[in-house]
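Trainee: Got run30.cif for you, mmCIF, C-alpha atoms:
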```
data_coords
loop_
_atom_site.label_atom_id
_atom_site.label_comp_id
_atom_site.auth_asym_id
_atom_site.auth_seq_id
_atom_site.Cartn_x
_atom_site.Cartn_y
_atom_site.Cartn_z
CA MET A 10 -182.78 -186.36 -233.28
CA ASP A 11 -180.70 -187.90 -230.52
CA ALA A 12 -177.00 -188.08 -231.45
CA TYR A 13 -176.33 -191.08 -229.18
CA THR A 14 -177.56 -194.65 -229.46
CA PRO A 15 -177.30 -196.73 -226.29
CA ASP A 16 -176.50 -200.44 -226.54
CA PHE A 17 -179.24 -202.37 -228.28
CA SER A 18 -179.82 -205.82 -229.66
CA LEU A 19 -181.14 -206.89 -233.00
CA GLU A 20 -183.22 -209.96 -233.64
CA VAL A 21 -181.97 -211.87 -236.67
CA GLN A 22 -183.96 -214.51 -238.52
CA GLY A 23 -182.41 -217.95 -238.09
CA VAL A 24 -180.88 -219.94 -240.91
CA LYS A 25 -180.42 -223.62 -241.67
CA GLY A 26 -177.04 -224.71 -242.90
CA PHE A 27 -173.98 -222.66 -243.67
CA CYS A 28 -171.82 -221.65 -246.62
CA PRO A 29 -169.96 -224.81 -247.74
CA VAL A 30 -166.95 -222.96 -249.17
CA GLY A 31 -166.90 -220.66 -246.15
CA GLU A 32 -166.77 -223.71 -243.89
CA THR A 33 -163.84 -225.21 -245.78
CA TYR A 34 -161.98 -221.90 -245.87
CA ALA A 35 -162.56 -221.11 -242.17
CA LYS A 36 -161.46 -224.61 -241.12
CA GLN A 37 -158.26 -224.13 -243.13
CA GLN A 38 -157.65 -220.82 -241.37
CA ILE A 39 -158.30 -222.39 -237.96
CA ALA A 40 -155.76 -225.13 -238.77
CA LYS A 41 -153.21 -222.53 -239.92
CA LYS A 42 -153.96 -220.38 -236.86
CA THR A 43 -154.29 -217.23 -238.95
CA MET A 44 -155.81 -214.10 -237.49
CA PRO A 45 -159.03 -212.96 -239.18
CA VAL A 46 -159.35 -209.58 -240.86
CA LEU A 47 -162.83 -208.08 -241.07
CA SER A 48 -163.86 -204.79 -242.61
CA CYS A 49 -166.58 -202.30 -243.22
CA GLU A 50 -168.25 -202.84 -246.60
CA GLY A 51 -170.94 -201.29 -248.71
CA PRO A 52 -171.65 -198.57 -251.28
CA CYS A 53 -170.02 -195.81 -249.21
CA ILE A 54 -166.57 -194.71 -250.39
CA ARG A 55 -165.24 -195.02 -246.84
CA GLY A 56 -166.47 -198.62 -246.52
CA GLU A 57 -165.09 -199.50 -249.95
CA ILE A 58 -161.65 -198.15 -249.07
CA ALA A 59 -161.71 -200.11 -245.80
CA ARG A 60 -162.70 -203.28 -247.70
CA LEU A 61 -160.00 -202.87 -250.33
CA ALA A 62 -157.39 -202.10 -247.67
CA ALA A 63 -158.43 -205.17 -245.65
CA ASN A 64 -157.96 -207.34 -248.71
CA LEU A 65 -154.45 -205.96 -249.23
CA VAL A 66 -153.49 -206.34 -245.56
CA ALA A 67 -154.68 -209.95 -245.48
CA GLN A 68 -152.95 -210.79 -248.79
CA GLU A 69 -149.63 -209.32 -247.75
CA VAL A 70 -149.29 -210.42 -244.12
CA PRO A 71 -148.95 -214.21 -243.85
CA ALA A 72 -150.36 -214.35 -240.30
CA LEU A 73 -153.65 -212.83 -241.49
CA ALA A 74 -156.59 -213.91 -243.65
CA ARG A 75 -159.93 -212.32 -244.59
CA ALA A 76 -163.03 -213.37 -242.73
CA CYS A 77 -166.63 -212.90 -243.80
CA HIS A 78 -168.30 -210.46 -241.40
CA ALA A 79 -171.81 -211.51 -242.40
CA GLU A 80 -171.23 -215.19 -241.72
CA THR A 81 -169.35 -214.35 -238.53
CA PHE A 82 -172.14 -212.12 -237.22
CA PHE A 83 -175.23 -213.90 -238.51
CA VAL A 84 -174.39 -217.63 -238.71
CA PRO A 85 -173.20 -218.34 -235.16
CA HIS A 86 -172.91 -222.12 -235.71
CA SER A 87 -170.53 -221.70 -238.67
CA ALA A 88 -166.81 -222.45 -238.78
CA MET A 89 -166.32 -218.80 -239.81
CA ALA A 90 -167.87 -217.62 -236.55
CA ALA A 91 -165.85 -220.19 -234.59
CA TRP A 92 -162.61 -219.04 -236.23
CA VAL A 93 -163.24 -215.39 -235.35
CA LYS A 94 -164.48 -216.16 -231.83
CA GLU A 95 -161.48 -218.39 -231.08
CA ALA A 96 -158.76 -216.31 -232.74
CA GLU A 97 -156.17 -214.81 -230.47
CA LYS A 98 -156.43 -211.45 -232.26
CA ILE A 99 -158.91 -210.11 -234.80
CA ILE A 100 -158.05 -207.21 -237.10
CA MET A 101 -161.03 -204.92 -237.73
CA ILE A 102 -160.81 -202.18 -240.36
CA ASP A 103 -163.78 -199.85 -240.13
CA GLY A 104 -164.51 -197.19 -242.72
CA CYS A 105 -165.25 -194.27 -240.42
CA PHE A 106 -165.69 -193.08 -236.86
CA LEU A 107 -169.03 -194.91 -236.49
CA LYS A 108 -167.07 -198.20 -236.36
CA CYS A 109 -170.25 -200.19 -237.07
CA HIS A 110 -168.67 -203.58 -237.68
CA GLY A 111 -166.20 -203.10 -234.85
CA ARG A 112 -169.02 -202.37 -232.41
CA VAL A 113 -170.71 -205.65 -233.35
CA LEU A 114 -167.43 -207.57 -233.18
CA LYS A 115 -166.71 -206.29 -229.67
CA LYS A 116 -169.97 -207.87 -228.53
CA LEU A 117 -168.85 -211.25 -229.94
CA VAL A 118 -165.30 -211.38 -228.57
CA ARG A 119 -163.37 -209.79 -225.75
CA GLU A 120 -162.49 -206.23 -226.68
CA ASP A 121 -158.79 -206.76 -225.86
CA ARG A 122 -158.57 -209.27 -228.74
CA VAL A 123 -159.77 -206.73 -231.32
CA VAL A 124 -157.16 -204.60 -233.08
CA GLN A 125 -159.40 -201.93 -234.56
CA PHE A 126 -158.65 -199.30 -237.17
CA ASP A 127 -160.72 -196.43 -238.49
CA ALA A 128 -159.40 -196.12 -242.05
CA LEU A 129 -160.56 -192.53 -242.58
CA PRO A 130 -157.80 -190.76 -240.57
CA PHE A 131 -155.21 -192.50 -242.74
CA TYR A 132 -156.31 -190.60 -245.86
CA LYS A 133 -158.64 -187.76 -244.75
CA LYS A 134 -160.60 -187.39 -248.00
CA TYR A 135 -164.11 -187.75 -249.36
CA ASN A 136 -165.93 -186.11 -246.44
CA ASP A 137 -168.55 -184.80 -248.86
CA ILE A 138 -168.94 -187.96 -250.99
CA PHE A 139 -171.05 -190.98 -250.14
CA LEU A 140 -171.11 -193.35 -253.11
CA MET A 141 -167.93 -195.20 -253.98
CA ASP A 142 -168.83 -194.87 -257.66
CA ASN A 143 -168.27 -191.11 -257.35
CA VAL A 144 -164.53 -191.78 -256.93
CA PRO A 145 -162.69 -193.35 -259.89
CA GLU A 146 -161.69 -196.97 -259.33
CA GLY A 147 -157.98 -196.26 -259.75
CA GLU A 148 -158.14 -193.55 -257.09
CA ARG A 149 -160.06 -195.86 -254.71
CA LYS A 150 -157.38 -198.51 -255.14
CA ALA A 151 -154.54 -196.02 -254.64
CA VAL A 152 -156.08 -194.70 -251.42
CA ALA A 153 -156.72 -198.25 -250.19
CA ARG A 154 -153.06 -199.04 -250.88
CA GLN A 155 -152.08 -196.03 -248.72
CA VAL A 156 -154.34 -197.20 -245.91
CA ALA A 157 -153.12 -200.80 -246.11
CA ASP A 158 -149.48 -199.73 -245.95
CA LYS A 159 -150.14 -197.62 -242.86
CA ILE A 160 -152.09 -200.40 -241.15
CA ILE A 161 -149.40 -202.98 -241.89
CA ALA A 162 -146.75 -200.62 -240.49
CA LYS A 163 -148.82 -200.01 -237.34
CA LEU A 164 -149.44 -203.73 -236.82
CA LYS A 165 -145.71 -204.44 -237.09
CA GLN A 166 -144.82 -201.49 -234.85
CA GLU A 167 -147.28 -202.54 -232.15
CA ALA A 168 -146.35 -206.23 -232.53
CA ALA A 169 -150.07 -206.96 -232.95
CA LEU A 170 -149.13 -209.80 -235.28
CA GLU A 171 -147.25 -211.62 -232.53
CA PRO A 172 -149.10 -214.30 -230.56
CA ALA A 173 -149.56 -213.39 -226.91
CA ALA A 174 -147.10 -214.94 -224.49
CA ALA A 175 -148.52 -218.04 -222.86
#
```
So, in terms of structure tokens, how does the structure I just supplied come out?

Mentor:
Amino acid sequence: MDAYTPDFSLEVQGVKGFCPVGETYAKQQIAKKTMPVLSCEGPCIRGEIARLAANLVAQEVPALARACHAETFFVPHSAMAAWVKEAEKIIMIDGCFLKCHGRVLKKLVREDRVVQFDALPFYKKYNDIFLMDNVPEGERKAVARQVADKIIAKLKQEAALEPAAA
């Protein structure tokens, strides 16, 4: 098996319409000029920790708000996609070194606008566990808290929350 995948594209079935509440929410975020936070998600413990940490980061930093990765990636005519594509900075919290969502995001927006984190180095656990359900919920939340605190500190340190000078 080849350990490298070159760039590729994926054909996605089209869709009519959009998510009505997603449209309202994204338009509110556009008006407030918040920066979107996207994350890895899924049954994997690493993706779950990234998702929980992203929620905490977005809840605790007024300049940020959660964005829906699925609507951003797969409903290109949505307000959610417009918000992410037009945002000055986008915070991307991936669950591991594969950086799946981040790789997609960097094909949608200029790479210099993406502030990307791999959550795994912040806690260095669960290398032999796949399913999130194999880690107690309280422990998942505690580790996500750790990751969120470190990401918030890094964002403040690197001034990534500051708008770029015009």

Trainee: Any chance you could tabulate, as CSV, the residues of region 57-143 of chain A at most 8 Å from region 22-40 of chain A with each one's nearest atom pair and distance in Å to one decimal, using all atoms listed in the file, in chain and rising number order?

Mentor:
```
residue,atom,partner,partner_atom,distance
A:Ala74,CA,A:Gln38,CA,7.4
A:Ala76,CA,A:Ala35,CA,7.8
A:Val84,CA,A:Phe27,CA,7.1
A:Ser87,CA,A:Phe27,CA,6.2
A:Ala88,CA,A:Glu32,CA,5.3
A:Met89,CA,A:Ala35,CA,5.0
A:Trp92,CA,A:Ile39,CA,5.7
```

Trainee: Any chance you could export the current selection's C-alpha atoms as a compact mmCIF listing (two decimals), keeping the file's coordinate frame?

Mentor:
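Once everything was written out, this is out12.txt:
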```
# COMPACT_ATOMS: atom_id res chain seq x y z
CA ALA A 74 -156.59 -213.91 -243.65
CA ALA A 76 -163.03 -213.37 -242.73
CA VAL A 84 -174.39 -217.63 -238.71
CA SER A 87 -170.53 -221.70 -238.67
CA ALA A 88 -166.81 -222.45 -238.78
CA MET A 89 -166.32 -218.80 -239.81
CA TRP A 92 -162.61 -219.04 -236.23
```

Trainee: Kindly give the distance, in Å, that separates CA of Ala63 (chain A) and CA of Val21 (chain A), rounded to a single decimal.

Mentor: 26.1 Å

Trainee: Taking a cut-off of 10 Å and counting all atoms listed in the file, can you build a table that, for each residue of region 39-76 of chain A near region 150-157 of chain A, reports the nearest atom pair and how far apart they are in Å (one decimal), sorted by chain then residue number, as a tab-separated table?

Mentor:
```
residue	atom	partner	partner_atom	distance
A:Arg55	CA	A:Ala153	CA	9.7
A:Glu57	CA	A:Ala153	CA	8.5
A:Ile58	CA	A:Ala153	CA	5.1
A:Ala59	CA	A:Ala153	CA	6.9
A:Arg60	CA	A:Ala153	CA	8.2
A:Leu61	CA	A:Ala153	CA	5.7
A:Ala62	CA	A:Ala153	CA	4.6
A:Ala63	CA	A:Ala157	CA	6.9
A:Asn64	CA	A:Ala157	CA	8.5
A:Leu65	CA	A:Ala157	CA	6.2
A:Val66	CA	A:Ala157	CA	5.6
A:Ala67	CA	A:Ala157	CA	9.3
A:Glu69	CA	A:Ala157	CA	9.4
```

Trainee: Would you be able to write out as a ChimeraX atom specification which residues have an atom within 10 Å of (-154.5, -189.8, -244.3) in the file's coordinates, counting only C-alpha atoms?

Mentor: /A:128-134,152,155-156,159

Trainee: Between CA of Ile161 (chain A) and CA of Asp142 (chain A), what is the spacing in Å?

Mentor: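 So the answer is 26.3 Å.
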
Trainee: Please, what distance in Å, to one decimal, runs between CA of Lys165 (chain A) and CA of Cys49 (chain A)?

Mentor: 21.9 Å

Trainee: Taking 4 positions as the minimum chain separation for residues in the same chain, which residues sit within 6 Å of Lys98 (chain A) when counting all atoms listed in the file? Answer as a count of residues only.

Mentor: 3

Trainee: Quick one: of A:Thr14, A:Glu146, A:Val93, A:Gln68, who's nearest to Glu80 (chain A), counting only C-alpha atoms?

Mentor: A:Val93

Trainee: Could you tell me which residues the PyMOL selection byres ((chain A and resi 109) around 12) returns for this structure, as an mmCIF file with C-alpha atoms, keeping the file's coordinate frame?

Mentor:
```
data_model
loop_
_atom_site.group_PDB
_atom_site.id
_atom_site.type_symbol
_atom_site.label_atom_id
_atom_site.label_comp_id
_atom_site.auth_asym_id
_atom_site.auth_seq_id
_atom_site.Cartn_x
_atom_site.Cartn_y
_atom_site.Cartn_z
ATOM 1 C CA THR A 14 -177.560 -194.650 -229.460
ATOM 2 C CA LEU A 47 -162.830 -208.080 -241.070
ATOM 3 C CA SER A 48 -163.860 -204.790 -242.610
ATOM 4 C CA CYS A 49 -166.580 -202.300 -243.220
ATOM 5 C CA GLU A 50 -168.250 -202.840 -246.600
ATOM 6 C CA GLY A 51 -170.940 -201.290 -248.710
ATOM 7 C CA GLY A 56 -166.470 -198.620 -246.520
ATOM 8 C CA HIS A 78 -168.300 -210.460 -241.400
ATOM 9 C CA MET A 101 -161.030 -204.920 -237.730
ATOM 10 C CA ILE A 102 -160.810 -202.180 -240.360
ATOM 11 C CA ASP A 103 -163.780 -199.850 -240.130
ATOM 12 C CA GLY A 104 -164.510 -197.190 -242.720
ATOM 13 C CA CYS A 105 -165.250 -194.270 -240.420
ATOM 14 C CA PHE A 106 -165.690 -193.080 -236.860
ATOM 15 C CA LEU A 107 -169.030 -194.910 -236.490
ATOM 16 C CA LYS A 108 -167.070 -198.200 -236.360
ATOM 17 C CA HIS A 110 -168.670 -203.580 -237.680
ATOM 18 C CA GLY A 111 -166.200 -203.100 -234.850
ATOM 19 C CA ARG A 112 -169.020 -202.370 -232.410
ATOM 20 C CA VAL A 113 -170.710 -205.650 -233.350
ATOM 21 C CA LEU A 114 -167.430 -207.570 -233.180
ATOM 22 C CA LYS A 115 -166.710 -206.290 -229.670
ATOM 23 C CA LYS A 116 -169.970 -207.870 -228.530
ATOM 24 C CA GLN A 125 -159.400 -201.930 -234.560
ATOM 25 C CA PHE A 126 -158.650 -199.300 -237.170
ATOM 26 C CA ASP A 127 -160.720 -196.430 -238.490
#
```

Trainee: Find, counting only C-alpha atoms, the residue in A:Lys41, A:Asn136, A:Gly147, A:Cys77 that gets nearest to Cys53 (chain A).

Mentor: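 Closest to Cys53 (chain A), using only C-alpha atoms: A:Asn136.
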
Trainee: Between A:Val70, A:Pro52, A:Ser18, A:Val46, which is the closest to Asp158 (chain A) once you count only C-alpha atoms?

Mentor: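 Closest candidate: A:Val70.
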
Trainee: Kindly indicate which residue among A:Met141, A:Tyr13, A:Ala168, A:Leu117 lies nearest to Pro85 (chain A), using all atoms listed in the file for the distances.

Mentor: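 Closest candidate: A:Leu117.
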
Trainee: Could you check the closest approach to Leu73 (chain A) for each of A:Lys94, A:Arg149, A:Lys42, A:Lys163 and tell me which residue wins, using all atoms listed in the file?

Mentor: A:Lys42

Trainee: Please, what is the axis-aligned box for every listed atom of region 158-163 of chain A with 5 Å on each side, as centre and edge lengths in Å to one decimal, as JSON?

Mentor:
```
{"center_x": -149.4, "center_y": -200.3, "center_z": -241.6, "size_x": 15.3, "size_y": 15.4, "size_z": 18.6}
```

Trainee: In terms of the shortest atom-to-atom distance over all atoms listed in the file, which of A:Pro45, A:Phe82, A:Leu164, A:Ile54 is closest to Pro145 (chain A)?

Mentor: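 Ranking A:Pro45, A:Phe82, A:Leu164, A:Ile54 by distance to Pro145 (chain A), first place goes to A:Ile54.
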